[in-house]
$ cat upload.pdb   # PDB, C-alpha atoms, pLDDT in the B column
MODEL        1
ATOM      1  CA  MET A 105     -32.331  43.584 -30.924  1.00 90.00           C
ATOM      2  CA  LEU A 106     -30.903  45.363 -27.917  1.00 93.00           C
ATOM      3  CA  PHE A 107     -33.029  47.696 -25.828  1.00 93.00           C
ATOM      4  CA  HIS A 108     -31.957  50.039 -23.042  1.00 95.00           C
ATOM      5  CA  MET A 109     -34.729  50.467 -20.523  1.00 93.00           C
ATOM      6  CA  THR A 110     -35.080  53.136 -17.850  1.00 93.00           C
ATOM      7  CA  MET A 111     -37.775  52.358 -15.298  1.00 91.00           C
ATOM      8  CA  THR A 112     -39.001  54.897 -12.749  1.00 91.00           C
ATOM      9  CA  HIS A 113     -41.670  54.966 -10.111  1.00 91.00           C
ATOM     10  CA  THR A 114     -42.713  57.402  -7.406  1.00 90.00           C
ATOM     11  CA  PRO A 115     -41.843  56.803  -3.757  1.00 89.00           C
ATOM     12  CA  GLU A 116     -45.536  56.135  -3.157  1.00 87.00           C
ATOM     13  CA  ASN A 117     -45.553  53.435  -5.856  1.00 85.00           C
ATOM     14  CA  CYS A 118     -42.327  51.808  -4.678  1.00 87.00           C
ATOM     15  CA  PRO A 119     -42.701  48.072  -4.067  1.00 85.00           C
ATOM     16  CA  THR A 120     -41.240  48.607  -0.593  1.00 86.00           C
ATOM     17  CA  GLN A 121     -44.340  50.676   0.235  1.00 87.00           C
ATOM     18  CA  LEU A 122     -46.781  47.917  -0.682  1.00 86.00           C
ATOM     19  CA  PRO A 123     -48.645  46.016   2.049  1.00 90.00           C
ATOM     20  CA  PRO A 124     -46.588  42.997   3.224  1.00 92.00           C
ATOM     21  CA  ASP A 125     -48.656  40.432   1.289  1.00 91.00           C
ATOM     22  CA  LYS A 126     -48.293  42.435  -1.941  1.00 86.00           C
ATOM     23  CA  GLN A 127     -44.554  42.876  -1.280  1.00 88.00           C
ATOM     24  CA  LYS A 128     -44.126  39.104  -1.022  1.00 90.00           C
ATOM     25  CA  GLN A 129     -46.050  38.626  -4.260  1.00 87.00           C
ATOM     26  CA  PHE A 130     -44.037  41.302  -6.083  1.00 86.00           C
ATOM     27  CA  PHE A 131     -40.641  40.046  -4.924  1.00 88.00           C
ATOM     28  CA  ALA A 132     -41.571  36.448  -5.788  1.00 88.00           C
ATOM     29  CA  GLN A 133     -42.416  37.635  -9.327  1.00 86.00           C
ATOM     30  CA  ALA A 134     -39.218  39.672  -9.530  1.00 86.00           C
ATOM     31  CA  GLU A 135     -37.112  36.660  -8.547  1.00 88.00           C
ATOM     32  CA  LYS A 136     -38.663  34.642 -11.405  1.00 88.00           C
ATOM     33  CA  MET A 137     -38.324  37.399 -14.011  1.00 87.00           C
ATOM     34  CA  ARG A 138     -35.125  36.048 -15.599  1.00 87.00           C
ATOM     35  CA  ASP A 139     -36.647  32.571 -15.954  1.00 89.00           C
ATOM     36  CA  VAL A 140     -39.830  33.972 -17.515  1.00 87.00           C
ATOM     37  CA  ALA A 141     -37.734  36.124 -19.853  1.00 90.00           C
ATOM     38  CA  LYS A 142     -35.570  33.163 -20.849  1.00 91.00           C
ATOM     39  CA  GLU A 143     -38.698  31.150 -21.717  1.00 90.00           C
ATOM     40  CA  MET A 144     -39.647  33.958 -24.119  1.00 88.00           C
ATOM     41  CA  ASN A 145     -36.148  34.008 -25.664  1.00 91.00           C
ATOM     42  CA  ILE A 146     -35.263  37.271 -23.899  1.00 93.00           C
ATOM     43  CA  ASN A 147     -31.877  37.901 -22.325  1.00 94.00           C
ATOM     44  CA  ILE A 148     -31.674  40.414 -19.478  1.00 93.00           C
ATOM     45  CA  HIS A 149     -28.003  41.377 -19.742  1.00 95.00           C
ATOM     46  CA  PHE A 150     -28.164  43.544 -16.635  1.00 94.00           C
ATOM     47  CA  MET A 151     -30.611  45.284 -14.373  1.00 92.00           C
ATOM     48  CA  VAL A 152     -29.322  47.832 -11.885  1.00 94.00           C
ATOM     49  CA  ALA A 153     -30.914  50.329  -9.537  1.00 90.00           C
ATOM     50  CA  GLY A 154     -29.923  53.930  -8.979  1.00 79.00           C
ATOM     51  CA  VAL A 155     -31.064  56.517  -6.528  1.00 79.00           C
ATOM     52  CA  GLY A 156     -34.428  58.199  -6.848  1.00 86.00           C
ATOM     53  CA  HIS A 157     -36.513  55.087  -7.573  1.00 92.00           C
ATOM     54  CA  THR A 158     -34.868  54.484 -10.945  1.00 93.00           C
ATOM     55  CA  MET A 159     -33.716  51.193 -12.464  1.00 91.00           C
ATOM     56  CA  TYR A 160     -31.860  50.515 -15.706  1.00 94.00           C
ATOM     57  CA  ALA A 161     -31.702  47.388 -17.848  1.00 93.00           C
ATOM     58  CA  LEU A 162     -30.119  46.162 -21.050  1.00 95.00           C
ATOM     59  CA  ILE A 163     -32.452  43.679 -22.706  1.00 94.00           C
ATOM     60  CA  GLU A 164     -31.928  41.529 -25.786  1.00 95.00           C
ATOM     61  CA  ALA A 165     -35.159  40.413 -27.422  1.00 93.00           C
ATOM     62  CA  ASP A 166     -36.362  39.367 -30.852  1.00 91.00           C
ATOM     63  CA  THR A 167     -39.238  41.814 -30.630  1.00 88.00           C
ATOM     64  CA  PHE A 168     -40.331  44.779 -28.586  1.00 86.00           C
ATOM     65  CA  ASP A 169     -43.655  43.061 -27.905  1.00 87.00           C
ATOM     66  CA  ALA A 170     -42.056  40.041 -26.239  1.00 85.00           C
ATOM     67  CA  MET A 171     -39.969  42.263 -23.976  1.00 82.00           C
ATOM     68  CA  ASN A 172     -43.005  44.375 -23.154  1.00 82.00           C
ATOM     69  CA  MET A 173     -44.962  41.269 -22.100  1.00 81.00           C
ATOM     70  CA  VAL A 174     -42.308  40.299 -19.539  1.00 81.00           C
ATOM     71  CA  PHE A 175     -42.040  43.712 -17.912  1.00 79.00           C
ATOM     72  CA  SER A 176     -45.711  44.676 -18.026  1.00 76.00           C
ATOM     73  CA  SER A 177     -46.566  41.453 -16.200  1.00 73.00           C
ATOM     74  CA  MET A 178     -44.788  42.709 -13.069  1.00 72.00           C
ATOM     75  CA  GLY A 179     -47.996  44.363 -11.939  1.00 70.00           C
ATOM     76  CA  PHE A 180     -46.878  47.583 -10.306  1.00 74.00           C
ATOM     77  CA  LYS A 181     -47.133  51.170 -11.458  1.00 81.00           C
ATOM     78  CA  GLN A 182     -43.963  52.271 -13.204  1.00 85.00           C
ATOM     79  CA  ASP A 183     -42.943  54.432 -16.142  1.00 89.00           C
ATOM     80  CA  TYR A 184     -40.720  52.990 -18.857  1.00 88.00           C
ATOM     81  CA  GLN A 185     -38.450  54.662 -21.365  1.00 91.00           C
ATOM     82  CA  ILE A 186     -37.215  52.149 -23.927  1.00 90.00           C
ATOM     83  CA  GLU A 187     -34.591  52.872 -26.578  1.00 93.00           C
ATOM     84  CA  PRO A 188     -33.261  50.471 -29.211  1.00 92.00           C
ATOM     85  CA  VAL A 189     -29.466  50.484 -28.944  1.00 94.00           C
ATOM     86  CA  GLY A 190     -26.464  48.851 -30.600  1.00 91.00           C
ATOM     87  CA  HIS A 191     -22.886  47.995 -29.724  1.00 90.00           C
ATOM     88  CA  VAL A 192     -20.574  50.920 -30.484  1.00 92.00           C
ATOM     89  CA  LYS A 193     -18.078  48.623 -32.224  1.00 93.00           C
ATOM     90  CA  ASP A 194     -20.833  47.527 -34.645  1.00 90.00           C
ATOM     91  CA  ILE A 195     -21.876  51.126 -35.301  1.00 88.00           C
ATOM     92  CA  ILE A 196     -18.255  52.115 -36.032  1.00 91.00           C
ATOM     93  CA  ALA A 197     -17.822  49.114 -38.350  1.00 92.00           C
ATOM     94  CA  ALA A 198     -20.959  50.066 -40.284  1.00 89.00           C
ATOM     95  CA  PHE A 199     -19.788  53.681 -40.673  1.00 90.00           C
ATOM     96  CA  LYS A 200     -16.335  52.523 -41.810  1.00 91.00           C
ATOM     97  CA  ALA A 201     -17.880  50.155 -44.351  1.00 91.00           C
ATOM     98  CA  GLU A 202     -20.058  52.959 -45.685  1.00 89.00           C
ATOM     99  CA  LEU A 203     -17.062  55.289 -45.807  1.00 89.00           C
ATOM    100  CA  GLY A 204     -15.146  52.684 -47.833  1.00 85.00           C
ATOM    101  CA  LYS A 205     -17.832  52.869 -50.537  1.00 85.00           C
ATOM    102  CA  LYS A 206     -17.173  56.579 -51.136  1.00 77.00           C
TER     103      LYS A 206
ENDMDL
END
$ encode --input "upload.pdb" --output "structure tokens"
Amino acid sequence: MLFHMTMTHTPENCPTQLPPDKQKQFFAQAEKMRDVAKEMNINIHFMVAGVGHTMYALIEADTFDAMNMVFSSMGFKQDYQIEPVGHVKDIIAAFKAELGKK
């Protein structure tokens, strides 16, 4: 399954505002995130940051729970909005197939 994730945090909860020892710990975890995800059969297709303390990701995972385990282990306060998504070409193909039955 594909999931689109929007992650937001307040300026006060930004990892750049953590004490230096906590920053080092957080960034070390962040650098290992793809490897941890891969071990759990999760593919992080992309993760990008926008303005306003917002990040976006496209995640492929067998289950929501597995994906949740990877991101909740990051250990900093953040809000998540997670939506299951699909490739537009697949959605169009499904609608066309259904239309062909009518």
$ residues_around --input "upload.pdb" --residues "stretch 107-112 of chain A" --least-positions-apart "6" --cutoff "7 Å" --atoms "all atoms listed in the file" --output "PyMOL selection string"
chain A and resi 157-164+182-189
$ atom_distance --input "upload.pdb" --atom1 "atom CA of A:Met171" --atom2 "atom CA of A:Glu116"
25.6 Å
$ residues_around --input "upload.pdb" --residues "A:Ile146" --least-positions-apart "3" --cutoff "10 Å" --atoms "only C-alpha atoms" --output "list in words"
Met105, Arg138, Asp139, Val140, Ala141, Lys142, Glu143, His149, Ile163, Glu164, Ala165, Asp166, Thr167, Ala170, Met171 and Val174 of chain A
$ resolve_selection --input "upload.pdb" --expression "the PyMOL selection byres ((chain A and resi 134) around 12)" --output "compact mmCIF listing (two decimals) with C-alpha atoms, keeping the file's coordinate frame"
# COMPACT_ATOMS: atom_id res chain seq x y z
CA PRO A 119 -42.70 48.07 -4.07
CA GLN A 127 -44.55 42.88 -1.28
CA LYS A 128 -44.13 39.10 -1.02
CA GLN A 129 -46.05 38.63 -4.26
CA PHE A 130 -44.04 41.30 -6.08
CA PHE A 131 -40.64 40.05 -4.92
CA ALA A 132 -41.57 36.45 -5.79
CA GLN A 133 -42.42 37.64 -9.33
CA GLU A 135 -37.11 36.66 -8.55
CA LYS A 136 -38.66 34.64 -11.40
CA MET A 137 -38.32 37.40 -14.01
CA ARG A 138 -35.12 36.05 -15.60
CA ASP A 139 -36.65 32.57 -15.95
CA VAL A 140 -39.83 33.97 -17.52
CA ALA A 141 -37.73 36.12 -19.85
CA MET A 151 -30.61 45.28 -14.37
CA VAL A 174 -42.31 40.30 -19.54
CA PHE A 175 -42.04 43.71 -17.91
CA SER A 176 -45.71 44.68 -18.03
CA SER A 177 -46.57 41.45 -16.20
CA MET A 178 -44.79 42.71 -13.07
CA GLY A 179 -48.00 44.36 -11.94
CA PHE A 180 -46.88 47.58 -10.31
$ closest_residue --input "upload.pdb" --among "A:His191, A:Lys205, A:Lys126, A:Lys200" --to "A:Leu106" --atoms "all atoms listed in the file"
A:His191
$ axis_aligned_box --input "upload.pdb" --around "stretch 133-138 of chain A" --padding-each-side "8 Å" --output "lines of an AutoDock Vina configuration file"
center_x = -38.8
center_y = 37.2
center_z = -12.1
size_x = 23.3
size_y = 21.0
size_z = 23.1
$ decode --input "upload.pdb" --residues "stretch 147-189 of chain A" --atoms "C-alpha atoms" --output "PDB file, in the first residue's frame"
ATOM      1  CA  ASN A 147      10.099   1.827   1.059  1.00  0.00           C
ATOM      2  CA  ILE A 148      10.380   5.577   1.623  1.00  0.00           C
ATOM      3  CA  HIS A 149       9.935   6.793  -1.954  1.00  0.00           C
ATOM      4  CA  PHE A 150      10.600  10.401  -1.000  1.00  0.00           C
ATOM      5  CA  MET A 151      10.710  12.696   1.975  1.00  0.00           C
ATOM      6  CA  VAL A 152      10.836  16.438   1.406  1.00  0.00           C
ATOM      7  CA  ALA A 153      10.574  19.495   3.612  1.00  0.00           C
ATOM      8  CA  GLY A 154       8.566  22.631   2.983  1.00  0.00           C
ATOM      9  CA  VAL A 155       8.364  25.909   4.777  1.00  0.00           C
ATOM     10  CA  GLY A 156       6.585  26.246   8.089  1.00  0.00           C
ATOM     11  CA  HIS A 157       8.011  23.137   9.778  1.00  0.00           C
ATOM     12  CA  THR A 158       6.232  20.750   7.415  1.00  0.00           C
ATOM     13  CA  MET A 159       7.586  17.601   5.768  1.00  0.00           C
ATOM     14  CA  TYR A 160       5.975  15.290   3.222  1.00  0.00           C
ATOM     15  CA  ALA A 161       6.661  11.646   2.421  1.00  0.00           C
ATOM     16  CA  LEU A 162       5.431   8.918   0.117  1.00  0.00           C
ATOM     17  CA  ILE A 163       5.731   5.582   1.886  1.00  0.00           C
ATOM     18  CA  GLU A 164       5.113   2.073   0.585  1.00  0.00           C
ATOM     19  CA  ALA A 165       4.373  -0.446   3.317  1.00  0.00           C
ATOM     20  CA  ASP A 166       2.542  -3.736   3.690  1.00  0.00           C
ATOM     21  CA  THR A 167       0.667  -2.393   6.690  1.00  0.00           C
ATOM     22  CA  PHE A 168      -0.080   0.889   8.372  1.00  0.00           C
ATOM     23  CA  ASP A 169       1.227  -0.517  11.656  1.00  0.00           C
ATOM     24  CA  ALA A 170       4.693  -1.242  10.271  1.00  0.00           C
ATOM     25  CA  MET A 171       4.977   2.270   8.856  1.00  0.00           C
ATOM     26  CA  ASN A 172       3.742   3.747  12.120  1.00  0.00           C
ATOM     27  CA  MET A 173       6.436   1.864  14.067  1.00  0.00           C
ATOM     28  CA  VAL A 174       9.222   3.409  11.970  1.00  0.00           C
ATOM     29  CA  PHE A 175       8.020   6.992  12.264  1.00  0.00           C
ATOM     30  CA  SER A 176       6.854   6.896  15.876  1.00  0.00           C
ATOM     31  CA  SER A 177      10.299   5.663  16.907  1.00  0.00           C
ATOM     32  CA  MET A 178      11.836   9.011  15.921  1.00  0.00           C
ATOM     33  CA  GLY A 179      11.120  10.335  19.390  1.00  0.00           C
ATOM     34  CA  PHE A 180      10.152  13.947  18.844  1.00  0.00           C
ATOM     35  CA  LYS A 181       6.805  15.682  19.062  1.00  0.00           C
ATOM     36  CA  GLN A 182       5.158  15.901  15.664  1.00  0.00           C
ATOM     37  CA  ASP A 183       1.686  15.658  14.170  1.00  0.00           C
ATOM     38  CA  TYR A 184       1.023  13.228  11.333  1.00  0.00           C
ATOM     39  CA  GLN A 185      -1.662  13.168   8.683  1.00  0.00           C
ATOM     40  CA  ILE A 186      -1.580   9.886   6.778  1.00  0.00           C
ATOM     41  CA  GLU A 187      -3.665   9.121   3.695  1.00  0.00           C
ATOM     42  CA  PRO A 188      -3.701   5.889   1.689  1.00  0.00           C
ATOM     43  CA  VAL A 189      -3.094   6.808  -1.953  1.00  0.00           C
TER      44      VAL A 189
END
